[in-house]
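Asker: This one is work.cif, mmCIF, C-alpha atoms.
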```cif
data_entry
loop_
_atom_site.label_atom_id
_atom_site.label_comp_id
_atom_site.auth_asym_id
_atom_site.auth_seq_id
_atom_site.Cartn_x
_atom_site.Cartn_y
_atom_site.Cartn_z
CA MET A 1 -10.82 22.19 -3.99
CA ALA A 2 -9.68 18.90 -5.52
CA LEU A 3 -11.32 15.73 -4.21
CA LEU A 4 -8.05 14.34 -2.86
CA GLU A 5 -7.44 17.42 -0.74
CA THR A 6 -10.97 17.17 0.67
CA TRP A 7 -10.49 13.45 1.39
CA ARG A 8 -7.17 13.99 3.15
CA LYS A 9 -8.60 16.79 5.30
CA LEU A 10 -11.52 14.57 6.28
CA ALA A 11 -9.42 11.47 6.92
CA TYR A 12 -6.29 12.94 8.50
CA GLU A 13 -6.92 16.48 9.68
CA THR A 14 -10.45 16.43 11.08
CA GLU A 15 -10.58 16.47 14.87
CA MET A 16 -12.10 13.15 15.91
CA ASP A 17 -12.04 11.38 19.24
CA GLN A 18 -10.81 7.79 19.34
CA LYS A 19 -14.25 6.27 18.88
CA GLN A 20 -15.12 8.55 15.94
CA ALA A 21 -11.78 7.80 14.26
CA ALA A 22 -12.22 4.05 14.80
CA ASP A 23 -15.76 4.19 13.39
CA PHE A 24 -14.62 6.25 10.38
CA TRP A 25 -11.72 3.92 9.49
CA ASN A 26 -13.69 0.72 10.16
CA SER A 27 -16.38 1.95 7.78
CA TYR A 28 -13.77 2.88 5.19
CA PHE A 29 -11.96 -0.49 5.45
CA ILE A 30 -15.22 -2.42 5.04
CA GLN A 31 -16.06 -0.43 1.90
CA GLU A 32 -12.49 -0.79 0.60
CA LYS A 33 -12.63 -4.56 1.09
CA GLY A 34 -15.92 -4.73 -0.83
CA ILE A 35 -14.41 -2.86 -3.79
CA TYR A 36 -11.34 -5.10 -3.84
CA GLU A 37 -13.48 -8.25 -3.69
CA LYS A 38 -15.24 -7.09 -6.85
CA ILE A 39 -12.22 -5.90 -8.87
CA LEU A 40 -10.07 -8.92 -7.94
CA ALA A 41 -12.88 -11.29 -8.98
CA THR A 42 -12.74 -10.03 -12.61
CA PRO A 43 -9.06 -9.21 -13.27
CA GLU A 44 -9.39 -9.53 -17.05
CA GLU A 45 -11.72 -6.52 -17.13
CA PRO A 46 -9.85 -3.38 -16.03
CA VAL A 47 -12.41 -1.10 -14.40
CA SER A 48 -12.59 2.50 -15.55
CA GLY A 49 -14.97 5.44 -15.52
CA THR A 50 -15.37 8.80 -13.86
CA VAL A 51 -14.83 9.01 -10.12
CA LYS A 52 -18.58 9.55 -9.66
CA GLU A 53 -19.47 6.56 -11.90
CA LEU A 54 -17.11 4.28 -9.96
CA ALA A 55 -18.49 5.49 -6.63
CA ASP A 56 -22.01 4.70 -7.84
CA ARG A 57 -20.93 1.35 -9.32
CA PHE A 58 -19.37 0.21 -6.03
CA GLY A 59 -22.03 1.79 -3.82
CA VAL A 60 -19.78 4.22 -1.95
CA GLU A 61 -19.64 7.98 -1.51
CA VAL A 62 -17.41 9.96 -3.87
CA LEU A 63 -14.99 10.85 -1.03
CA MET A 64 -14.65 7.19 -0.02
CA MET A 65 -13.91 6.33 -3.67
CA THR A 66 -11.31 9.11 -3.63
CA GLY A 67 -9.66 7.48 -0.61
CA PHE A 68 -9.71 4.14 -2.41
CA LEU A 69 -8.14 5.69 -5.53
CA ASP A 70 -5.47 7.32 -3.37
CA GLY A 71 -4.65 3.94 -1.84
CA ILE A 72 -4.49 1.92 -5.05
CA ASN A 73 -2.71 4.54 -7.18
CA ASP A 74 0.83 3.22 -6.51
CA SER A 75 -0.25 -0.25 -7.66
CA LEU A 76 -1.70 0.76 -11.02
CA LYS A 77 -0.05 0.12 -14.37
CA GLU A 78 -0.61 3.80 -15.14
CA ALA A 79 -1.20 6.22 -12.25
CA ASN A 80 -4.37 8.31 -12.14
CA PRO A 81 -4.19 12.12 -11.80
CA ILE A 82 -5.33 11.94 -8.18
CA GLU A 83 -3.95 15.33 -7.16
CA THR A 84 -6.28 17.17 -9.57
CA MET A 85 -9.13 14.68 -9.70
CA GLN A 86 -12.76 15.89 -9.75
CA GLU A 87 -16.00 13.88 -9.87
CA ASP A 88 -15.97 13.88 -13.68
CA THR A 89 -12.30 12.84 -14.02
CA VAL A 90 -11.94 9.53 -15.88
CA VAL A 91 -9.81 7.06 -13.93
CA SER A 92 -8.70 3.47 -14.41
CA LEU A 93 -8.21 0.65 -11.92
CA ASP A 94 -5.91 -1.36 -14.20
CA TYR A 95 -3.64 -2.74 -11.49
CA ASP A 96 -0.43 -4.75 -11.51
CA LYS A 97 -1.45 -7.76 -9.39
CA GLU A 98 2.02 -8.45 -7.95
CA LYS A 99 2.61 -4.81 -7.12
CA LEU A 100 -0.86 -4.55 -5.54
CA TYR A 101 -0.30 -7.63 -3.37
CA TYR A 102 3.18 -6.40 -2.36
CA ASN A 103 1.81 -2.96 -1.43
CA MET A 104 -1.06 -4.49 0.57
CA VAL A 105 1.46 -6.47 2.60
CA GLY A 106 3.50 -3.29 3.09
CA CYS A 107 0.42 -1.51 4.46
CA LYS A 108 -0.25 -4.45 6.79
CA ALA A 109 -3.71 -4.75 5.20
CA ASP A 110 -4.26 -8.44 6.01
CA TRP A 111 -8.01 -8.04 5.38
CA LEU A 112 -7.03 -7.34 1.76
CA TYR A 113 -4.02 -9.55 0.99
CA GLU A 114 -5.79 -12.53 2.60
CA LEU A 115 -8.88 -12.22 0.37
CA PRO A 116 -9.75 -15.58 -1.27
CA GLN A 117 -9.78 -13.89 -4.71
CA TRP A 118 -5.96 -13.90 -4.63
CA ASP A 119 -5.99 -17.71 -4.97
CA SER A 120 -6.92 -17.45 -8.65
CA LEU A 121 -4.62 -14.47 -9.34
CA LEU A 122 -1.29 -15.48 -7.82
CA SER A 123 -0.01 -18.89 -6.78
CA GLU A 124 0.46 -19.46 -3.06
CA GLU A 125 4.20 -19.78 -3.68
CA ARG A 126 4.36 -16.40 -5.47
CA ARG A 127 2.33 -14.73 -2.71
CA LYS A 128 4.77 -16.12 -0.13
CA GLU A 129 7.70 -14.76 -2.17
CA LEU A 130 6.10 -11.31 -2.43
CA TYR A 131 5.22 -11.34 1.28
CA LYS A 132 8.78 -12.26 2.26
CA SER A 133 10.26 -9.70 -0.14
CA GLN A 134 8.07 -6.93 1.29
CA LYS A 135 8.87 -7.86 4.89
CA LEU A 136 12.61 -7.96 4.17
CA SER A 137 12.50 -4.58 2.42
CA GLY A 138 11.88 -2.88 5.75
CA THR A 139 14.47 -4.89 7.68
CA VAL A 140 17.64 -3.04 8.63
CA VAL A 141 20.68 -5.29 8.65
CA LYS A 142 23.58 -4.03 10.74
CA ASP A 143 27.06 -5.04 9.75
CA LYS A 144 29.09 -6.95 12.31
CA LYS A 145 30.98 -4.54 14.54
CA ILE A 146 34.70 -4.47 13.91
CA GLY A 147 36.72 -4.98 17.08
CA ARG A 148 39.72 -2.73 17.80
CA ASN A 149 42.14 -5.65 17.51
CA ASP A 150 40.52 -7.26 14.44
CA PRO A 151 42.28 -7.06 11.06
CA CYS A 152 41.28 -3.88 9.23
CA PRO A 153 38.59 -4.55 6.58
CA CYS A 154 40.45 -2.35 4.09
CA GLY A 155 42.92 -5.20 3.58
CA SER A 156 46.09 -3.45 4.83
CA GLY A 157 46.92 -6.28 7.22
CA LYS A 158 47.12 -3.87 10.16
CA LYS A 159 44.90 -4.00 13.20
CA TYR A 160 41.77 -1.87 12.82
CA LYS A 161 42.81 0.42 15.72
CA LYS A 162 46.13 1.20 13.96
CA CYS A 163 44.58 1.75 10.52
CA CYS A 164 41.08 2.94 9.58
CA GLY A 165 39.90 2.89 13.19
CA MET A 166 42.35 5.60 14.28
CA ASN A 167 39.90 8.41 13.59
CA ALA A 168 36.79 6.50 14.60
#
```
For this file, produce the structure as structure tokens.
Answerer:
Amino acid sequence: MALLETWRKLAYETEMDQKQAADFWNSYFIQEKGIYEKILATPEEPVSGTVKELADRFGVEVLMMTGFLDGINDSLKEANPIETMQEDTVVSLDYDKEKLYYNMVGCKADWLYELPQWDSLLSEERRKELYKSQKLSGTVVKDKKIGRNDPCPCGSGKKYKKCCGMNA
């Protein structure tokens, strides 16, 4: 069984009560934050190695590293083969910093996008732009409702109810 499948079964399919689930995810998020603190501190050195080597380097279990790799994969310059990954699979953490920040905001991971290491990677202004862009990407904007007696938006000059609104 591939590591990712094992991770997803553990994280999402295992029967856990609320306390067990909270403990599991709190532990994961603390470890995830520690890894990000280290890789964001040295952005000029893209981290790479086997899954097992990276787990050892960051002091986490292989399955926790698998979860981390699953989470960061969409923010990498070149995606890792996470679906087929084994302990000896060589992976890279060469991330696109703007994409990573944007995705962290999208996941509502404030413990990650508020890390002080971002200060040296992206200007405050750029972070605000990315934050706003991410928040707006999920906003649904409804068009103004057309009243029955309003002019038809198709430009015919007729009232909406006598034109395009007849079948509505």
Asker: Neighbours of Lys77 in chain A within 8 Å (only C-alpha atoms; same-chain residues fewer than 4 positions away dropped), as a PyMOL selection string?
Answerer: chain A and resi 94-96
Asker: For a quick check of understanding, using all atoms listed in the file, which of A:Leu63, A:Ala41, A:Asn73, A:Lys159 has the smallest distance to Asp119 in chain A?
Answerer: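 Checking each of A:Leu63, A:Ala41, A:Asn73, A:Lys159 against Asp119 in chain A, counting all atoms listed in the file, the winner is A:Ala41.
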Asker: Which neighbours of Asp74 in chain A fall inside 10 Å, counting only C-alpha atoms, when residues of the same chain fewer than 4 positions from it are skipped, and could you give them as a PyMOL selection string?
Answerer: chain A and resi 69-70+78-80+95-96+99-100+103
Asker: What gap, in Å, lies between CA of Val51 in chain A and CA of Glu87 in chain A?
Answerer: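 Between these atoms lies a distance of 5.0 Å.
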Asker: What do you get, as a list in words, if you spell out every residue that the PyMOL selection byres ((chain A and resi 53) around 10) selects here?
Answerer: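 This file gives the following for the PyMOL selection byres ((chain A and resi 53) around 10): Ser48, Gly49, Thr50, Val51, Lys52, Leu54, Ala55, Asp56, Arg57, Phe58, Gly59, Val62, Met65, Glu87, Asp88, Thr89, Val90 and Val91 of chain A.
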Asker: For a test of reading the model, state the distance in Å between CA of Phe24 in chain A and CA of Glu98 in chain A, rounded to one decimal.
Answerer: 28.8 Å
Asker: Within 12 Å of (-10.9, 3.4, 6.2), only C-alpha atoms: residues as a VMD selection string?
Answerer: chain A and resid 7 to 8 10 to 12 20 to 34 63 to 68 70 to 71 109 111
Asker: What lies within 8 Å of Cys152 in chain A using all atoms listed in the file, ignoring chain neighbours under 5 positions off, as a JSON list (two decimals) with C-alpha atoms, in the frame of the given file?
Answerer:
```json
[["chain", "number", "residue", "atom", "x", "y", "z"],
["A", 157, "GLY", "CA", 46.92, -6.28, 7.22],
["A", 158, "LYS", "CA", 47.12, -3.87, 10.16],
["A", 159, "LYS", "CA", 44.90, -4.00, 13.20],
["A", 160, "TYR", "CA", 41.77, -1.87, 12.82],
["A", 161, "LYS", "CA", 42.81, 0.42, 15.72],
["A", 163, "CYS", "CA", 44.58, 1.75, 10.52],
["A", 164, "CYS", "CA", 41.08, 2.94, 9.58],
["A", 165, "GLY", "CA", 39.90, 2.89, 13.19]]
```
Asker: Any idea what's packed within 12 Å of Ser120 in chain A, counting all atoms listed in the file, ignoring anything in its chain fewer than 4 positions away? Could you give it as a ChimeraX atom specification?
Answerer: /A:40-44,97,115-116,124,126-127
Asker: Of the residues A:Ala2, A:Val60, A:Leu121, A:Cys154, which is the one nearest to Tyr101 in chain A, using only C-alpha atoms?
Answerer: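 Once distances to Tyr101 in chain A are computed over only C-alpha atoms, the minimum belongs to A:Leu121.
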Asker: Go ahead and compute the interatomic distance for CA of Leu112 in chain A and CA of Val47 in chain A, in Å to one decimal.
Answerer: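 It comes out at 18.1 Å.
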